[in-house]
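Peer 1: Shown below is the structure under consideration.
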Amino acid sequence: MTTYRYTEKNIRIEGLYGFDRTRRFRRYPEEIIKKYPRLGDADQKSVGARMRFRTDSEKIRVVFTISNNYPDIAMSFFHANSAYAYIGDYPRARYAALVTSWDTYQSDTISAEFDNDGMNDITVFFPQNPTVEDIGISLCDGAALLPPTPHRIEQPFVFYGSSITQQGHTLTPLAYPTLLSRFFDADFYNFGASGNAQGEPELAEFLGKIPKSVFFYDYDHNAPTVEHLKNTHEAFFKRFRSFDPLSPVIMTSRPADDTPETEERVSIVRETYENAVKNGDKNVYFIDGRTLFGGVDPAICTTDRTHPNDLGHYMMARTVETLMRENGLPAQTDFTQ
């Protein structure tokens with residue numbers, strides 16, 4: 001077999017902003033981490049990152065070199081510490097292999113070898129928690145290694161939010177940001193940060209400058225108090241809009257929320273939306289987080305009445321998808337399932 005590194009020109013790394021320039025397996029720019037060092041842990045977790053290429057190799061072997069490999073009490077080892085390989089076009093890709101180590105947390109590599117039946121796109125989702133240091137791909141001698149099929153939606157989806165957005169508590173990488181990107185065949189960036197994305201002004205500017213097809217705005221769970229949410233939510237949105245006045249924005253309050261603060265928190269997010277509409281914004285949308293599970297009992301859709309499980313993320317994705325399709329979002333897509 002012939003072995004290639006992730007730097008091979010026909011291998012594409014997606015979901016890591018600025019990767020083509022920096023070659024860093026990180027999610028945030030260095031200047032953001034210097035300003036908000038509490039985001040450093042989230043920065044090292046390549047949430048939503050994917051490696052994609054196209055090949056006719058009958059056998060494919062993938063090896064990740066990783067560090068910071070530790071247990072996560074809230075998540076399955078097979079998501080938190082393993083990668084997932086899929087075969088086929090992005091919206092309909094089928095599971096191929098779990099890229100893991102049976103030495104659990106003792107290994108600094110995870111790997112898998114799997115079969116391939118013809119010329120296909122290969123997508124490998126990075127592990128959730130470890131820091132990725134290197135990636136190798138081995139193909140049968142003489143097999144083609146081509147760029148992946150382009151996404152139908154050229155500009156990525158951009159997500160900003162809490163540990164829910166960061167895909168916490170799921171068994172697989174198929175959390176709602178990943179599912180939405182598959183439903184519409186779009187690239188995406190996941191800037192979810194467990195407990196730490198709290199409406200930072202510099203992040204509003206950074207996210208506003210990223211070319212995108214849709215922006216998903218959800219950090220309600222990370223706001224430590226109602227007062228913090230009130231002081232930051234609309235201010236963040238306005239700052240974001242000063243850099244990106246046109247992209248569709250979908251804002252939600254937190255799902256599965258039945259605390260005494262619920263109504264007040266929902267009203268704060270709704271007020272940001274209503275004020276935007278009053279000011280002439282024709283591309284902003286609001287979802288009451290209590291509707292995100294589509295009427296399914298939150299006890300079935302969550303692990304702890306807060307974090308959605310795989311079913312919860314699927315229901316969230318379908319609810320958001322419905323709003324998007326009803327409103328023709330994103331405008332440039334011609335993809336129908």
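Just so we're on the same page: first chain in the structure tokens is A, next is B, and so on; residues restart at 1 for each chain, and ligands are numbered from 1 in the order they show up.
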If you run DSSP on this backbone, which residues of stretch 12-173 of chain A come out as helix (DSSP H, G or I), and could you give them as an mmCIF file with N, CA and C atoms, in the first residue's frame?

Peer 2:
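Here's the written file states13.cif:
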```cif
data_model
loop_
_atom_site.group_PDB
_atom_site.id
_atom_site.type_symbol
_atom_site.label_atom_id
_atom_site.label_comp_id
_atom_site.auth_asym_id
_atom_site.auth_seq_id
_atom_site.Cartn_x
_atom_site.Cartn_y
_atom_site.Cartn_z
ATOM 1 N N PHE A 19 -7.479 26.623 7.859
ATOM 2 C CA PHE A 19 -6.546 25.496 7.853
ATOM 3 C C PHE A 19 -5.629 25.518 6.636
ATOM 4 N N ASP A 20 -6.137 25.878 5.474
ATOM 5 C CA ASP A 20 -5.309 25.888 4.263
ATOM 6 C C ASP A 20 -4.117 26.828 4.408
ATOM 7 N N ARG A 21 -4.292 27.837 5.255
ATOM 8 C CA ARG A 21 -3.215 28.808 5.460
ATOM 9 C C ARG A 21 -2.320 28.435 6.649
ATOM 10 N N THR A 22 -2.923 28.007 7.757
ATOM 11 C CA THR A 22 -2.166 27.795 8.986
ATOM 12 C C THR A 22 -1.676 26.363 9.179
ATOM 13 N N GLU A 30 -5.612 32.328 16.468
ATOM 14 C CA GLU A 30 -4.762 32.506 17.639
ATOM 15 C C GLU A 30 -5.084 33.797 18.382
ATOM 16 N N GLU A 31 -5.466 34.849 17.650
ATOM 17 C CA GLU A 31 -5.748 36.115 18.321
ATOM 18 C C GLU A 31 -6.996 36.034 19.197
ATOM 19 N N ILE A 32 -7.946 35.181 18.820
ATOM 20 C CA ILE A 32 -9.139 34.989 19.650
ATOM 21 C C ILE A 32 -8.764 34.265 20.941
ATOM 22 N N ILE A 33 -7.918 33.252 20.858
ATOM 23 C CA ILE A 33 -7.512 32.502 22.042
ATOM 24 C C ILE A 33 -6.690 33.386 22.978
ATOM 25 N N LYS A 34 -5.871 34.264 22.429
ATOM 26 C CA LYS A 34 -5.106 35.188 23.275
ATOM 27 C C LYS A 34 -6.047 36.123 24.030
ATOM 28 N N LYS A 35 -7.134 36.531 23.385
ATOM 29 C CA LYS A 35 -8.089 37.424 24.025
ATOM 30 C C LYS A 35 -8.948 36.670 25.026
ATOM 31 N N PRO A 37 -8.519 33.197 26.671
ATOM 32 C CA PRO A 37 -7.811 31.931 26.880
ATOM 33 C C PRO A 37 -8.699 30.808 27.383
ATOM 34 N N ARG A 38 -9.857 31.125 27.978
ATOM 35 C CA ARG A 38 -10.770 30.062 28.433
ATOM 36 C C ARG A 38 -11.310 29.236 27.274
ATOM 37 N N LEU A 39 -11.185 29.743 26.041
ATOM 38 C CA LEU A 39 -11.610 28.985 24.869
ATOM 39 C C LEU A 39 -10.536 28.003 24.395
ATOM 40 N N GLY A 40 -9.402 27.992 25.070
ATOM 41 C CA GLY A 40 -8.285 27.175 24.608
ATOM 42 C C GLY A 40 -8.591 25.692 24.563
ATOM 43 N N ASP A 41 -9.315 25.182 25.564
ATOM 44 C CA ASP A 41 -9.648 23.756 25.570
ATOM 45 C C ASP A 41 -10.532 23.414 24.382
ATOM 46 N N ALA A 42 -11.545 24.237 24.136
ATOM 47 C CA ALA A 42 -12.428 23.997 22.988
ATOM 48 C C ALA A 42 -11.669 24.127 21.676
ATOM 49 N N ASP A 43 -10.687 25.015 21.633
ATOM 50 C CA ASP A 43 -9.918 25.242 20.417
ATOM 51 C C ASP A 43 -9.173 23.983 19.986
ATOM 52 N N GLN A 44 -8.683 23.205 20.953
ATOM 53 C CA GLN A 44 -7.898 22.014 20.634
ATOM 54 C C GLN A 44 -8.748 20.816 20.229
ATOM 55 N N PHE A 77 -16.907 6.575 24.569
ATOM 56 C CA PHE A 77 -15.533 6.517 24.066
ATOM 57 C C PHE A 77 -15.528 6.515 22.547
ATOM 58 N N PHE A 78 -16.544 5.897 21.953
ATOM 59 C CA PHE A 78 -16.551 5.732 20.503
ATOM 60 C C PHE A 78 -16.919 7.005 19.756
ATOM 61 N N HIS A 79 -17.305 8.046 20.464
ATOM 62 C CA HIS A 79 -17.401 9.342 19.821
ATOM 63 C C HIS A 79 -16.317 10.271 20.340
ATOM 64 N N ALA A 80 -16.205 10.370 21.656
ATOM 65 C CA ALA A 80 -15.288 11.338 22.237
ATOM 66 C C ALA A 80 -13.845 11.086 21.823
ATOM 67 N N TYR A 90 -21.650 12.980 0.160
ATOM 68 C CA TYR A 90 -21.783 13.522 1.507
ATOM 69 C C TYR A 90 -23.197 13.395 2.102
ATOM 70 N N PRO A 91 -24.259 13.757 1.385
ATOM 71 C CA PRO A 91 -25.583 13.669 2.012
ATOM 72 C C PRO A 91 -26.036 12.247 2.328
ATOM 73 N N ARG A 92 -25.516 11.262 1.600
ATOM 74 C CA ARG A 92 -26.013 9.889 1.773
ATOM 75 C C ARG A 92 -24.898 8.917 2.168
ATOM 76 N N THR A 104 -7.817 1.833 24.486
ATOM 77 C CA THR A 104 -8.579 2.963 25.054
ATOM 78 C C THR A 104 -7.694 4.190 25.182
ATOM 79 N N TYR A 105 -7.535 4.714 26.393
ATOM 80 C CA TYR A 105 -6.887 6.014 26.563
ATOM 81 C C TYR A 105 -5.368 5.938 26.609
ATOM 82 N N GLN A 106 -4.799 4.740 26.491
ATOM 83 C CA GLN A 106 -3.350 4.593 26.617
ATOM 84 C C GLN A 106 -2.630 4.845 25.299
#
```

Peer 1: In stretch 277-323 of chain A, what's strand (DSSP E) per DSSP? Answer as an MDAnalysis selection string?

Peer 2: chainID A and resid 284:287

Peer 1: Can those selected residues be exported to a file as a compact mmCIF listing (two decimals), in the first residue's frame so that it contains N, CA and C atoms?

Peer 2:
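Contents of out.txt, as written:
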```
# COMPACT_ATOMS: atom_id res chain seq x y z
N VAL A 284 -33.62 37.16 9.25
CA VAL A 284 -33.38 36.67 10.59
C VAL A 284 -34.57 35.81 11.00
N TYR A 285 -34.29 34.72 11.73
CA TYR A 285 -35.32 33.73 12.07
C TYR A 285 -35.14 33.31 13.53
N PHE A 286 -36.25 32.97 14.18
CA PHE A 286 -36.24 32.61 15.60
C PHE A 286 -36.93 31.27 15.81
N ILE A 287 -36.31 30.43 16.65
CA ILE A 287 -36.94 29.18 17.06
C ILE A 287 -36.94 29.12 18.58
```

Peer 1: Which is closest to A:Leu292 among A:Thr172, A:Thr2, A:Ser213, A:Thr322, if we use only C-alpha atoms?

Peer 2: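 Under the stated criterion, the closest residue is A:Thr322.
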
Peer 1: Please provide as a PyMOL selection string all residues within 12 Å of A:Asn275, with the sequence filter that same-chain residues fewer than 6 positions apart are discarded (counting only C-alpha atoms).

Peer 2: chain A and resi 233-235+237-238+267-269+281-282+284-286

Peer 1: Determine the nearest neighbour of A:Ala299 from the options A:Asp187, A:Asp117, A:Asp257, A:Asp56, counting only C-alpha atoms.

Peer 2: A:Asp257

Peer 1: Please, what distance in Å, to one decimal, runs between atom CA of A:Ala144 and atom CA of A:Thr109?

Peer 2: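 We find that atom CA of A:Ala144 and atom CA of A:Thr109 lie 25.5 Å from each other.
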